[in-house]
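Asks: Just so it is clear, I am handing over upload12.cif, which has mmCIF, C-alpha atoms.
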```cif
data_target
loop_
_atom_site.label_atom_id
_atom_site.label_comp_id
_atom_site.auth_asym_id
_atom_site.auth_seq_id
_atom_site.Cartn_x
_atom_site.Cartn_y
_atom_site.Cartn_z
CA GLY A 1004 137.31 66.44 114.49
CA GLY A 1005 136.67 70.16 113.89
CA ASN A 1006 137.61 72.52 111.11
CA PRO A 1007 141.39 73.09 110.99
CA GLU A 1008 141.15 75.71 108.22
CA MET A 1009 138.80 77.89 110.27
CA LEU A 1010 140.88 77.50 113.43
CA ALA A 1011 144.07 78.47 111.60
CA ARG A 1012 142.41 81.46 109.98
CA ASP A 1013 141.02 82.68 113.31
CA GLU A 1014 144.43 82.40 114.96
CA THR A 1015 146.48 84.12 112.24
CA GLY A 1016 143.88 86.47 110.82
CA GLN A 1017 144.79 85.48 107.26
CA ALA A 1018 144.12 82.68 104.78
CA GLU A 1019 147.60 82.26 103.27
CA GLY A 1020 151.31 82.64 104.05
CA ASP A 1021 153.85 80.74 106.12
CA GLU A 1022 152.25 81.61 109.44
CA TYR A 1023 148.90 80.36 108.25
CA ALA A 1024 150.45 77.12 106.89
CA ALA A 1025 152.15 76.40 110.21
CA ALA A 1026 148.91 76.99 112.14
CA LEU A 1027 146.99 74.82 109.67
CA ALA A 1028 149.40 71.90 110.12
CA LYS A 1029 149.13 72.23 113.92
CA TYR A 1030 145.32 72.23 113.96
CA ARG A 1031 145.10 69.35 111.50
CA GLN A 1032 147.05 67.17 113.90
CA LEU A 1033 144.93 68.38 116.81
CA CYS A 1034 141.63 67.74 114.97
CA GLU A 1035 142.77 64.29 113.85
CA ALA A 1036 143.63 63.36 117.43
CA GLU A 1037 140.24 64.60 118.65
CA LYS A 1038 138.48 62.62 115.93
CA LYS A 1039 140.16 59.40 117.05
CA ARG A 1040 139.11 59.99 120.66
CA VAL A 1041 135.49 60.63 119.59
CA ILE A 1042 135.40 57.46 117.49
CA GLU A 1043 136.90 55.40 120.31
CA ALA A 1044 134.19 56.77 122.62
CA GLY A 1045 131.46 55.59 120.23
CA GLY A 1046 131.06 58.63 118.01
CA LEU A 1047 128.81 61.67 118.31
CA PHE A 1048 125.78 61.21 120.54
CA ILE A 1049 122.66 63.31 119.78
CA LEU A 1050 120.41 63.95 122.76
CA GLY A 1051 117.01 65.43 121.87
CA THR A 1052 114.87 66.93 124.62
CA GLU A 1053 111.72 67.13 122.48
CA ARG A 1054 110.31 66.07 119.13
CA HIS A 1055 109.78 68.64 116.42
CA GLU A 1056 106.45 69.09 114.68
CA SER A 1057 108.08 68.01 111.43
CA ARG A 1058 109.66 64.57 111.04
CA ARG A 1059 112.13 66.05 108.57
CA ILE A 1060 113.74 68.18 111.30
CA ASP A 1061 114.16 65.16 113.59
CA ASN A 1062 115.72 63.12 110.80
CA GLN A 1063 118.17 65.90 110.05
CA LEU A 1064 119.18 66.02 113.69
CA ARG A 1065 119.67 62.25 113.82
CA GLY A 1066 121.82 62.48 110.70
CA ARG A 1067 124.37 64.58 112.57
CA ALA A 1068 125.41 61.48 114.51
CA GLY A 1069 126.51 59.44 111.49
CA ARG A 1070 128.15 61.77 109.01
CA GLN A 1071 130.08 60.05 106.20
CA GLY A 1072 129.93 56.61 107.82
CA ASP A 1073 131.23 57.67 111.24
CA PRO A 1074 129.74 55.89 114.26
CA GLY A 1075 127.19 57.64 116.42
CA ALA A 1076 123.86 57.36 118.22
CA SER A 1077 120.79 59.44 118.99
CA GLN A 1078 118.19 59.39 121.72
CA PHE A 1079 115.07 61.58 122.08
CA TYR A 1080 113.16 62.31 125.25
CA LEU A 1081 109.78 63.98 125.49
CA SER A 1082 106.98 64.53 127.91
CA LEU A 1083 103.24 63.99 127.57
CA GLU A 1084 102.93 67.65 128.51
CA ASP A 1085 104.81 68.79 125.37
CA ASP A 1086 102.69 70.71 122.87
CA LEU A 1087 103.00 67.98 120.25
CA MET A 1088 101.72 65.24 122.54
CA ARG A 1089 99.24 67.41 124.41
CA LEU A 1090 97.45 68.49 121.25
CA PHE A 1091 97.61 65.38 119.10
CA GLY A 1092 98.64 62.21 120.95
CA SER A 1093 98.56 62.33 124.73
CA VAL A 1094 95.00 60.99 125.21
CA ASN A 1095 95.71 57.51 123.84
CA ILE A 1096 99.11 57.24 125.54
CA ALA A 1097 97.64 58.28 128.87
CA GLY A 1098 95.05 55.52 128.49
CA TRP A 1099 97.76 52.98 127.82
CA MET A 1100 99.65 54.10 130.91
CA GLU A 1101 96.60 53.50 133.10
CA LYS A 1102 95.95 50.08 131.60
CA LEU A 1103 99.57 48.93 131.95
CA GLY A 1104 99.92 50.36 135.44
CA TRP A 1105 102.82 52.70 134.68
CA GLU A 1106 103.56 55.28 137.31
CA LYS A 1107 103.93 58.99 136.65
CA GLY A 1108 107.56 59.94 136.02
CA GLU A 1109 108.53 56.43 134.87
CA PRO A 1110 110.38 56.35 131.52
CA ILE A 1111 108.36 54.80 128.70
CA GLU A 1112 109.88 53.11 125.67
CA HIS A 1113 107.72 51.07 123.28
CA PRO A 1114 107.17 50.80 119.49
CA TRP A 1115 103.58 51.89 119.99
CA ILE A 1116 104.82 55.12 121.54
CA SER A 1117 107.04 55.84 118.54
CA LYS A 1118 104.13 55.17 116.15
CA SER A 1119 101.88 57.47 118.15
CA ILE A 1120 104.48 60.25 117.99
CA GLU A 1121 104.88 59.81 114.24
CA SER A 1122 101.10 59.92 113.86
CA ALA A 1123 100.98 63.18 115.82
CA GLN A 1124 103.72 64.61 113.63
CA ARG A 1125 101.82 63.63 110.48
CA LYS A 1126 98.75 65.44 111.81
CA VAL A 1127 100.77 68.60 112.45
CA GLU A 1128 102.38 68.40 109.02
CA ALA A 1129 98.98 67.98 107.39
CA TYR A 1130 97.64 70.95 109.34
CA HIS A 1131 100.50 73.21 108.25
CA PHE A 1132 100.14 71.98 104.68
CA ASP A 1133 96.47 72.99 104.68
CA VAL A 1134 97.43 76.40 106.07
CA ARG A 1135 100.02 76.94 103.32
CA LYS A 1136 97.57 75.77 100.67
CA HIS A 1137 94.93 78.15 102.01
CA VAL A 1138 97.40 81.05 102.01
CA LEU A 1139 98.35 80.14 98.44
CA LYS A 1140 94.73 80.47 97.34
CA TYR A 1141 94.60 83.96 98.79
CA ASP A 1142 97.90 84.79 97.10
CA ASP A 1143 96.50 83.62 93.76
CA VAL A 1144 93.89 86.39 93.95
CA MET A 1145 96.57 89.03 94.44
CA ASN A 1146 98.77 87.42 91.79
CA GLN A 1147 96.06 87.82 89.15
CA GLN A 1148 95.62 91.48 90.03
CA ARG A 1149 99.38 92.00 90.17
CA THR A 1150 99.74 90.54 86.67
CA VAL A 1151 97.21 93.00 85.22
CA VAL A 1152 98.78 96.04 86.90
CA TYR A 1153 102.34 95.10 85.96
CA GLN A 1154 101.36 94.47 82.34
CA GLU A 1155 99.84 97.93 82.03
CA ARG A 1156 102.80 99.50 83.77
CA ARG A 1157 105.31 97.71 81.56
CA LYS A 1158 103.35 98.73 78.48
CA ALA A 1159 103.55 102.36 79.57
CA LEU A 1160 107.31 102.02 80.07
CA GLU A 1161 108.06 100.26 76.80
CA GLN A 1162 105.69 102.08 74.44
CA ASP A 1163 106.54 105.53 73.13
CA LEU A 1164 102.89 106.60 72.87
CA ILE A 1165 99.92 105.73 75.06
CA TYR A 1166 97.56 108.21 73.40
CA ASP A 1167 95.22 105.44 72.22
CA ASP A 1168 94.90 104.23 75.81
CA ILE A 1169 94.01 107.76 76.91
CA LEU A 1170 91.25 107.90 74.28
CA SER A 1171 89.91 104.56 75.50
CA MET A 1172 89.88 105.86 79.08
CA ILE A 1173 87.87 108.92 77.98
CA ASP A 1174 85.29 106.70 76.29
CA GLU A 1175 85.02 104.43 79.32
CA VAL A 1176 84.68 107.28 81.82
CA VAL A 1177 82.00 109.00 79.73
CA GLU A 1178 80.04 105.79 79.15
CA ASP A 1179 80.21 104.79 82.83
CA ALA A 1180 79.03 108.24 83.94
CA VAL A 1181 76.09 108.20 81.52
CA ALA A 1182 75.18 104.63 82.45
CA SER A 1183 75.15 105.42 86.17
CA ALA A 1184 73.09 108.61 85.75
CA LEU A 1185 70.60 107.39 83.14
CA ASN A 1186 69.25 104.21 84.66
CA PRO A 1187 66.95 102.41 82.18
CA GLU A 1188 64.73 101.31 85.07
CA VAL A 1189 63.99 104.94 85.99
CA ASP A 1190 61.52 107.21 84.23
CA PRO A 1191 63.47 109.44 81.76
CA ASP A 1192 61.72 112.49 83.20
CA ASP A 1193 63.36 111.72 86.56
CA TYR A 1194 66.93 111.56 85.26
CA ASP A 1195 69.28 113.79 87.23
CA TYR A 1196 71.23 115.49 84.46
CA ASN A 1197 72.65 118.07 86.86
CA ALA A 1198 74.34 115.30 88.86
CA LEU A 1199 75.73 113.91 85.61
CA ALA A 1200 77.13 117.32 84.70
CA ASP A 1201 78.75 117.71 88.13
CA GLN A 1202 80.28 114.24 87.92
CA LEU A 1203 81.79 114.92 84.49
CA LYS A 1204 83.15 118.32 85.53
CA LYS A 1205 85.14 116.60 88.27
CA VAL A 1206 87.12 114.84 85.54
CA PHE A 1207 86.84 116.95 82.38
CA PRO A 1208 87.00 120.78 82.36
CA ILE A 1209 84.07 120.99 79.93
CA ASP A 1210 81.01 123.22 79.77
CA ALA A 1211 78.09 121.03 80.73
CA GLU A 1212 74.65 122.12 81.93
CA GLY A 1213 72.27 119.39 83.00
CA GLY A 1214 68.87 121.02 82.85
CA ASP A 1215 65.39 119.73 83.50
CA PRO A 1216 64.13 116.97 81.14
CA ARG A 1217 60.68 118.53 81.22
CA LYS A 1218 62.02 121.95 80.15
CA ALA A 1219 64.95 121.05 77.95
CA GLN A 1220 66.89 123.88 76.34
CA PRO A 1221 69.22 123.55 73.34
CA GLY A 1222 72.75 122.66 74.41
CA GLN A 1223 71.70 121.21 77.75
CA LEU A 1224 72.50 117.58 78.45
CA CYS A 1225 68.84 116.73 78.86
CA SER A 1226 68.15 117.75 75.24
CA TYR A 1227 70.14 114.77 73.87
CA SER A 1228 69.15 111.15 73.62
CA ARG A 1229 71.25 108.54 75.40
CA ASP A 1230 73.45 107.71 72.39
CA GLU A 1231 73.67 111.34 71.30
CA LEU A 1232 74.69 112.34 74.80
CA VAL A 1233 77.64 109.94 74.80
CA VAL A 1234 78.81 111.23 71.42
CA GLU A 1235 78.43 114.88 72.45
CA LEU A 1236 80.26 114.48 75.75
CA ARG A 1237 83.06 112.59 74.04
CA ARG A 1238 83.37 115.38 71.47
CA ARG A 1239 83.63 118.06 74.16
CA ALA A 1240 86.24 116.06 76.08
CA LEU A 1241 88.33 115.48 72.93
CA ASP A 1242 88.17 119.17 72.03
CA LYS A 1243 89.59 120.09 75.41
CA LEU A 1244 92.24 117.41 75.05
CA ALA A 1245 93.27 118.74 71.65
CA ALA A 1246 93.56 122.24 73.12
CA LYS A 1247 95.78 120.95 75.94
CA ARG A 1248 97.88 119.06 73.39
CA ALA A 1249 98.42 122.24 71.39
CA GLU A 1250 99.25 124.16 74.57
CA LEU A 1251 101.93 121.75 75.78
CA GLY A 1252 103.31 120.68 72.43
CA GLU A 1253 103.50 117.18 70.98
CA HIS A 1254 106.61 115.97 72.82
CA ASP A 1255 105.78 117.37 76.26
CA PHE A 1256 102.16 116.25 75.98
CA PHE A 1257 103.04 112.60 75.33
CA GLN A 1258 105.79 112.57 77.96
CA MET A 1259 103.39 114.00 80.53
CA GLN A 1260 100.92 111.20 79.81
CA LYS A 1261 103.46 108.50 80.68
CA PHE A 1262 104.72 110.37 83.73
CA LEU A 1263 101.23 110.85 85.18
CA LEU A 1264 100.19 107.27 84.43
CA LEU A 1265 103.20 105.75 86.18
CA GLN A 1266 102.92 108.03 89.21
CA ILE A 1267 99.20 107.42 89.69
CA VAL A 1268 99.41 103.66 89.12
CA ASP A 1269 102.21 103.28 91.68
CA SER A 1270 100.38 105.33 94.29
CA LYS A 1271 97.02 103.60 93.80
CA TRP A 1272 98.59 100.14 93.72
CA LYS A 1273 100.34 100.65 97.05
CA ASP A 1274 97.10 101.79 98.65
CA HIS A 1275 95.30 98.80 97.15
CA LEU A 1276 97.84 96.35 98.57
CA HIS A 1277 97.37 97.87 102.02
CA ASN A 1278 93.57 97.63 101.72
CA MET A 1279 93.75 94.01 100.56
CA ASP A 1280 95.91 93.12 103.56
CA ASN A 1281 93.34 94.68 105.88
CA LEU A 1282 90.56 92.77 104.11
CA GLN A 1283 92.41 89.46 104.48
CA ASP A 1284 93.01 90.05 108.19
CA GLY A 1285 89.29 90.17 108.97
CA ILE A 1286 87.68 88.11 106.21
CA HIS A 1287 87.75 84.93 108.31
CA LEU A 1288 84.93 86.38 110.43
CA ARG A 1289 82.56 85.80 107.49
CA SER A 1290 82.61 82.10 108.39
CA TRP A 1291 80.38 82.94 111.37
CA GLY A 1292 77.71 83.92 108.85
CA GLN A 1293 78.00 80.57 107.05
CA ARG A 1294 79.96 82.12 104.18
CA ASP A 1295 83.19 80.89 102.66
CA PRO A 1296 85.87 83.48 103.55
CA LEU A 1297 87.85 82.71 100.40
CA VAL A 1298 84.85 83.31 98.14
CA GLU A 1299 84.03 86.53 99.97
CA TYR A 1300 87.66 87.61 99.66
CA LYS A 1301 87.61 87.02 95.90
CA ILE A 1302 84.36 88.94 95.44
CA GLU A 1303 85.32 91.96 97.53
CA GLY A 1304 88.90 91.92 96.24
CA PHE A 1305 87.65 92.05 92.66
CA GLN A 1306 85.33 94.96 93.47
CA MET A 1307 88.17 96.84 95.19
CA PHE A 1308 90.38 96.19 92.17
CA GLN A 1309 87.74 97.56 89.81
CA ASN A 1310 87.36 100.65 91.98
CA MET A 1311 91.14 101.15 91.85
CA ILE A 1312 91.14 100.92 88.03
CA ASP A 1313 88.31 103.46 87.79
CA SER A 1314 90.11 105.76 90.20
CA ILE A 1315 93.31 105.54 88.11
CA LYS A 1316 91.43 106.54 84.98
CA GLU A 1317 89.66 109.48 86.59
CA ASP A 1318 92.77 110.83 88.33
CA LEU A 1319 94.90 110.48 85.21
CA LEU A 1320 92.39 112.38 83.08
CA TYR A 1321 91.86 115.00 85.80
CA TYR A 1322 95.56 115.89 86.02
CA LEU A 1323 96.18 115.54 82.30
CA TYR A 1324 93.50 118.11 81.46
CA ARG A 1325 94.72 120.54 84.09
CA VAL A 1326 98.50 120.17 83.99
CA SER A 1327 100.58 123.17 82.95
CA TYR A 1328 104.18 123.15 81.81
CA SER A 1329 106.63 125.92 82.64
CA ARG A 1330 110.16 126.06 81.30
CA GLN A 1331 113.02 127.04 83.58
CA GLU A 1332 113.67 130.24 81.63
CA GLU A 1333 110.04 131.33 82.04
CA VAL A 1334 110.10 130.60 85.75
CA GLU A 1335 113.28 132.60 86.27
CA ALA A 1336 111.91 135.52 84.20
CA GLN A 1337 108.69 135.56 86.21
CA GLU A 1338 110.58 135.51 89.52
CA LYS A 1339 112.82 138.35 88.34
CA LYS A 1340 109.80 140.40 87.29
CA GLU A 1341 108.11 139.89 90.66
CA GLN A 1342 111.29 140.98 92.47
CA GLU A 1343 111.53 144.14 90.36
CA VAL A 1344 107.91 145.01 91.07
CA TYR A 1345 108.47 144.45 94.78
CA TYR A 1346 111.60 146.59 94.99
CA ASN A 1347 110.14 149.39 92.85
CA ARG A 1348 107.03 149.50 94.96
CA GLY A 1349 109.11 149.69 98.11
CA GLY A 1350 111.20 152.59 96.69
CA GLU A 1351 108.12 154.61 95.76
CA GLU A 1352 106.68 154.19 99.23
CA GLU A 1353 109.92 155.34 100.83
CA ALA A 1354 110.37 158.32 98.45
CA LYS A 1355 106.82 159.59 98.94
CA PRO A 1356 106.78 162.31 101.67
CA LYS A 1357 104.60 161.60 104.63
CA ALA A 1358 101.86 164.06 105.48
CA PRO A 1359 102.28 165.80 108.85
CA VAL A 1360 99.99 164.75 111.63
CA ARG A 1361 97.99 167.70 112.87
CA ALA A 1362 96.63 167.74 116.37
CA GLU A 1363 92.98 168.74 116.58
CA ASP A 1364 92.07 171.81 118.65
CA SER A 1365 90.79 170.72 122.06
CA VAL A 1366 88.24 172.54 124.23
CA ASP A 1367 88.62 172.75 127.97
CA ARG A 1368 85.85 170.95 129.81
CA ASN A 1369 84.94 174.00 131.95
CA ALA A 1370 85.12 176.48 129.02
CA ALA A 1371 82.06 177.80 127.20
CA CYS A 1372 80.75 175.39 124.57
CA PRO A 1373 81.70 176.55 121.03
CA CYS A 1374 78.15 175.75 119.79
CA GLY A 1375 76.90 179.05 121.35
CA SER A 1376 74.47 177.52 123.83
CA GLY A 1377 76.02 179.40 126.75
CA LYS A 1378 76.60 176.22 128.71
CA LYS A 1379 79.90 174.73 129.71
CA TYR A 1380 81.45 172.33 127.24
CA LYS A 1381 81.25 169.38 129.67
CA LYS A 1382 77.49 170.01 130.13
CA CYS A 1383 76.75 170.41 126.41
CA CYS A 1384 78.64 168.90 123.48
CA GLY A 1385 81.35 167.39 125.70
CA ARG A 1386 79.07 164.80 127.20
#
```
Will you turn the file into structure tokens for me?
Replies:
Amino acid sequence: GGNPEMLARDETGQAEGDEYAAALAKYRQLCEAEKKRVIEAGGLFILGTERHESRRIDNQLRGRAGRQGDPGASQFYLSLEDDLMRLFGSVNIAGWMEKLGWEKGEPIEHPWISKSIESAQRKVEAYHFDVRKHVLKYDDVMNQQRTVVYQERRKALEQDLIYDDILSMIDEVVEDAVASALNPEVDPDDYDYNALADQLKKVFPIDAEGGDPRKAQPGQLCSYSRDELVVELRRRALDKLAAKRAELGEHDFFQMQKFLLLQIVDSKWKDHLHNMDNLQDGIHLRSWGQRDPLVEYKIEGFQMFQNMIDSIKEDLLYYLYRVSYSRQEEVEAQEKKEQEVYYNRGGEEEAKPKAPVRAEDSVDRNAACPCGSGKKYKKCCGR
């Protein structure tokens, strides 16, 4: 019968008032008359030109024909060349057509046909369910990583101090660097202490000299045992951190920690999400090597996540040790001083008299050479 409220609102452009009430009464009579004509004609007839992959969609469409007890009917037509039948059910139906002698183009209506279509729909639904379940397993990997990152980020937002976390990061970075450089399976005389020193200097601005284990000098990294080396490197890093803390002040130092942590975590996490999407796009190719793509995705995703965590620690410590804080008053004073120096220098250069340019005495080419040789200048010194 239609929607009289919508029709009245479209005509009057308003939802209340006398004009709207008059239009509403008019369209209610019109819609009621149309409803009677539709019911007398047998109700709404639904004509479907194909069957959906999901039975739920077809049932919803059929339900349009019998709303609130009104009469109605539905009829669906489909072809054996439709995607649903071509992929999942057309082979058996085509065999039945040959056995029963049906001609091509002849309409077919039989309970077996309906059962075959429902069976094809169940296959499609099961296929899509497996796809969603597979995608959910991949999402679980990212959800676990997302939980860890968001917990650390929320902790940084809610806590006033994260200094203890910074100390833990220093310990972990030092221990990882020593563990990677001093491999227990390698002869101690072959340890590359210079590489260890270079690796630590990329994070901490400390004085570290590797040295040769065979010619160890006091103060060099090679002169310490493994445990002593960890303690000594941690001490040097903490001394530099204490100096930076005194330079910035307590309040600014702790605020800078939270600011750097949040900025670095957000940046690294966005890059990690992009890398994980790229990994998921091509991980299915591992199945050609008889490997489960989901297992490979979990393994490589975990390794990428660990690399991201290590990168966050190193970048945070790098910037924290090297950050400098300038107040607005200091910046303005420095800019003013530079301007004064520039203008004063320019005034001195303009006030200073310029020396006159003197033209050198020139000798005519055919004149006698001033060296006293008696030859012409062009034949002697003027060559």
Asks: Which residue out of A:Tyr1324, A:Tyr1030, A:Glu1155, A:Gln1260 has the minimum interatomic distance to A:Ile1209 when all atoms listed in the file are used?
Replies: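 So, comparing all the options, the nearest one is A:Tyr1324.
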Asks: Smallest atom-to-atom distance to A:Gln1148: which of A:Gln1071, A:Leu1236, A:Gln1306, A:Glu1178, using only C-alpha atoms?
Replies: A:Gln1306
Asks: For the atom pair atom CA of A:Ala1011 and atom CA of A:Leu1047, what is the interatomic distance in Å to one decimal place?
Replies: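 We find that atom CA of A:Ala1011 and atom CA of A:Leu1047 lie 23.7 Å from each other.
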Asks: I need the output of the PyMOL selection byres ((chain A and resi 1163) around 9) for this file as a list in words; which residues are they?
Replies: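 Evaluating the PyMOL selection byres ((chain A and resi 1163) around 9) on this file yields Ala1159, Leu1160, Glu1161, Gln1162, Leu1164, Ile1165, Phe1257, Gln1258 and Lys1261 of chain A.
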Asks: Show which residues sit within 12 Å of A:Arg1239, as a list in words. Count only C-alpha atoms, and ignore same-chain residues fewer than 2 positions away.
Replies: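 The residues that qualify are Ile1173, Asp1174, Val1177, Leu1203, Lys1204, Phe1207, Pro1208, Ile1209, Asp1210, Ala1211, Gly1222, Leu1224, Leu1232, Val1233, Val1234, Glu1235, Leu1236, Arg1237, Leu1241, Asp1242, Lys1243, Leu1244, Ala1245 and Ala1246 of chain A.
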Asks: So how many Å separate atom CA of A:Gln1223 and atom CA of A:Ala1198, to one decimal?
Replies: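 Distance reported for this atom pair: 12.9 Å.
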Asks: Enumerate, as a list in words, the protein, DNA and RNA residues whose atoms approach (64.7, 109.0, 85.9) to within 12 Å, taking into account only C-alpha atoms and the coordinate frame of the file.
Replies: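 Here is the list of nearby residues: Ala1182, Ser1183, Ala1184, Leu1185, Asn1186, Pro1187, Glu1188, Val1189, Asp1190, Pro1191, Asp1192, Asp1193, Tyr1194, Asp1195, Tyr1196, Ala1198, Asp1215, Pro1216, Arg1217 and Cys1225 of chain A.
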Asks: Going by the chain IDs and residue numbers used in this file, which residues fall under the PyMOL selection byres ((chain A and resi 1265-1276) around 9)? Write them as a list in words.
Replies: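 On the file shown, the PyMOL selection byres ((chain A and resi 1265-1276) around 9) covers Met1145, Arg1149, Val1152, Arg1156, Ala1159, Leu1160, Gln1260, Lys1261, Phe1262, Leu1263, Leu1264, His1277, Asn1278, Met1279, Asp1280, Asn1281, Met1307, Phe1308, Met1311, Ile1312, Ser1314, Ile1315, Asp1318 and Leu1319 of chain A.
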Asks: Which of these residues is nearest to A:Glu1128, using only C-alpha atoms: A:Glu1056, A:Glu1037, A:Glu1084, A:Asp1142?
Replies: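 Among the listed residues, A:Glu1056 lies closest to A:Glu1128.
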Asks: Applied to the shown file, which residues does the PyMOL selection byres ((chain A and resi 1007) around 10) return, written as a PDB file with C-alpha atoms, in the frame of the given file?
Replies:
```pdb
ATOM      1  CA  GLY A1004     137.310  66.440 114.490  1.00  0.00           C
ATOM      2  CA  GLY A1005     136.670  70.160 113.890  1.00  0.00           C
ATOM      3  CA  ASN A1006     137.610  72.520 111.110  1.00  0.00           C
ATOM      4  CA  GLU A1008     141.150  75.710 108.220  1.00  0.00           C
ATOM      5  CA  MET A1009     138.800  77.890 110.270  1.00  0.00           C
ATOM      6  CA  LEU A1010     140.880  77.500 113.430  1.00  0.00           C
ATOM      7  CA  ALA A1011     144.070  78.470 111.600  1.00  0.00           C
ATOM      8  CA  ARG A1012     142.410  81.460 109.980  1.00  0.00           C
ATOM      9  CA  ASP A1013     141.020  82.680 113.310  1.00  0.00           C
ATOM     10  CA  ALA A1026     148.910  76.990 112.140  1.00  0.00           C
ATOM     11  CA  LEU A1027     146.990  74.820 109.670  1.00  0.00           C
ATOM     12  CA  ALA A1028     149.400  71.900 110.120  1.00  0.00           C
ATOM     13  CA  LYS A1029     149.130  72.230 113.920  1.00  0.00           C
ATOM     14  CA  TYR A1030     145.320  72.230 113.960  1.00  0.00           C
ATOM     15  CA  ARG A1031     145.100  69.350 111.500  1.00  0.00           C
ATOM     16  CA  GLN A1032     147.050  67.170 113.900  1.00  0.00           C
ATOM     17  CA  LEU A1033     144.930  68.380 116.810  1.00  0.00           C
ATOM     18  CA  CYS A1034     141.630  67.740 114.970  1.00  0.00           C
ATOM     19  CA  GLU A1035     142.770  64.290 113.850  1.00  0.00           C
TER      20      GLU A1035
END
```
Asks: Report, in Å to a single decimal, how far apart atom CA of A:Val1138 and atom CA of A:Ser1290 are.
Replies: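 Atom-to-atom, atom CA of A:Ser1290 and atom CA of A:Val1138 are spaced 16.1 Å apart.
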Asks: When you count only C-alpha atoms, which of these residues is closest to A:Met1088: A:Ala1076, A:Val1151, A:Ile1060, A:Ser1122?
Replies: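 Among the listed residues, A:Ser1122 lies closest to A:Met1088.
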Asks: Determine the nearest neighbour of A:Gly1069 from the options A:Asp1086, A:Leu1323, A:Ile1042, A:Gln1154, counting only C-alpha atoms.
Replies: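 Nearest candidate to A:Gly1069 out of A:Asp1086, A:Leu1323, A:Ile1042, A:Gln1154: A:Ile1042.
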Asks: Find, counting all atoms listed in the file, the residue in A:Asp1167, A:Gln1063, A:Leu1297, A:Gln1309 that gets nearest to A:Leu1139.
Replies: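 So, comparing all the options, the nearest one is A:Leu1297.
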Asks: Set the distance at 8 Å and use all atoms listed in the file: which residues neighbour A:Ala1068 once local chain neighbours fewer than 5 positions away are removed? I'd like the list as a list of chain:residue names.
Replies: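 Within the cut-off, the hits are A:Gly1046, A:Leu1047, A:Phe1048, A:Ile1049, A:Asp1073, A:Pro1074, A:Gly1075, A:Ala1076, A:Ser1077.
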